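A.B. asks: I have a structure I would like to understand better, so I am pasting it below and will then ask my questions one at a time.
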Amino acid sequence: MDRQKGKFRSFLLASLKNFLANTHDHAHALKRGGGQELLPLDEEQIAEAESLYRTQVDAGHVAGEDRVFERTWAETLVRDSLEQLSRYYKTEGKEGLFQELRIFLTGSADPLPSYADLASRLGTQASTLRSHITRLRARYREALRAEVRRTVETDAEVEGELRELLRVLTAS
């Protein structure tokens with residue numbers, strides 16, 4: 001792909017649209033059994049995708065496959081960054097600490113625990129816990145930046161992609 005012609009994400013979106021159009025044409029060709037229902041190979045993944053799409057359509061949040069693609073792209077970057085961070089903490093022998101502090105990155109429907117409560121549960125001081133959370137957030141930013149950097153040509157484009165990522169994730 002010629003990086004001078006646009007963003008990799010735009011290329012992927014155009015490729016996905018072309019693939020879907022070609023697949024539709026291929027599936028509906030009568031000489032290839034058009035009109036016959038195909039059995040999916042991985043029913044669980046398809047059910048998850050259909051459920052996500054239906055939820056977004058029902059909520060009136062989908063303006064087409066572009067928004068579904070963008071949301072999936074953003075969630076994948078976030079998930080991959082969290083997995084990278086989890087692997088780091090696991091190699092450091094601090095997997096339990098990561099699991100306890102992960103809520104400070106991902107949030108929760110419940111309010112975040114106070115530093116004092118969490119520190120006493122972990123058997124550490126609140127100031128030490130604050131340092132752990134600060135380092136966790138810094139490492140997460142680095143991991144997310146690294147994931148985004150893999151999809152763009154220059155470091156200057158990373159900031160724009162991160163703003164786009166934030167826009168997609170905060171869109172209602």
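Naming works like this for the structure tokens: A, B, ... for the chains as they're shown, residue 1 at the start of each chain, ligands 1 onward in shown order.
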Mind checking which residues fall within 7 Å of Leu144 in chain A, counting only C-alpha atoms, ignoring those fewer than 5 positions away in the same chain, and posting them as a ChimeraX atom specification?

C.D. replies: /A:77-78,81

A.B. asks: Restricted to C-alpha atoms, what would the selected residues look like written as a PDB file, in the first residue's frame?

C.D. replies:
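Contents of result39.pdb, freshly written:
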```pdb
ATOM      1  CA  LEU A  77      -6.764  -0.993  19.843  1.00  0.00           C
ATOM      2  CA  VAL A  78      -7.824  -0.587  23.459  1.00  0.00           C
ATOM      3  CA  SER A  81      -3.102  -2.321  24.542  1.00  0.00           C
TER       4      SER A  81
END
```

A.B. asks: Taking only C-alpha atoms into account, which of A:Trp73, A:Ser131, A:Arg121, A:Ile103 comes nearest Phe8 in chain A?

C.D. replies: A:Trp73

A.B. asks: Do you know which residues are at most 9 Å from range 11-18 of chain A counting only C-alpha atoms, after dropping those on the same chain fewer than 3 positions away, and could you put them as a list in words?

C.D. replies: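 Close residues of range 11-18 of chain A: Met1, Gly6, Lys7, Phe8, Ala21, Asn22, Thr23, Glu65, Asp66, Phe69 and Glu70 of chain A.
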
A.B. asks: Where in range 126-164 of chain A does DSSP assign alpha helix (DSSP H), given as a VMD selection string?

C.D. replies: chain A and resid 126 to 149 156 to 164

A.B. asks: When distances are computed from only C-alpha atoms, which of A:Ala143, A:Ala138, A:Val168, A:Ala47 shows the smallest separation from Glu83 in chain A?

C.D. replies: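 Ranked by minimum distance to Glu83 in chain A, first place goes to A:Ala143.
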
A.B. asks: Near range 107-120 of chain A, within 8 Å and counting only C-alpha atoms, which residues show up once chain neighbours fewer than 4 positions away are dropped, as a PyMOL selection string?

C.D. replies: chain A and resi 103+124-126+129-130
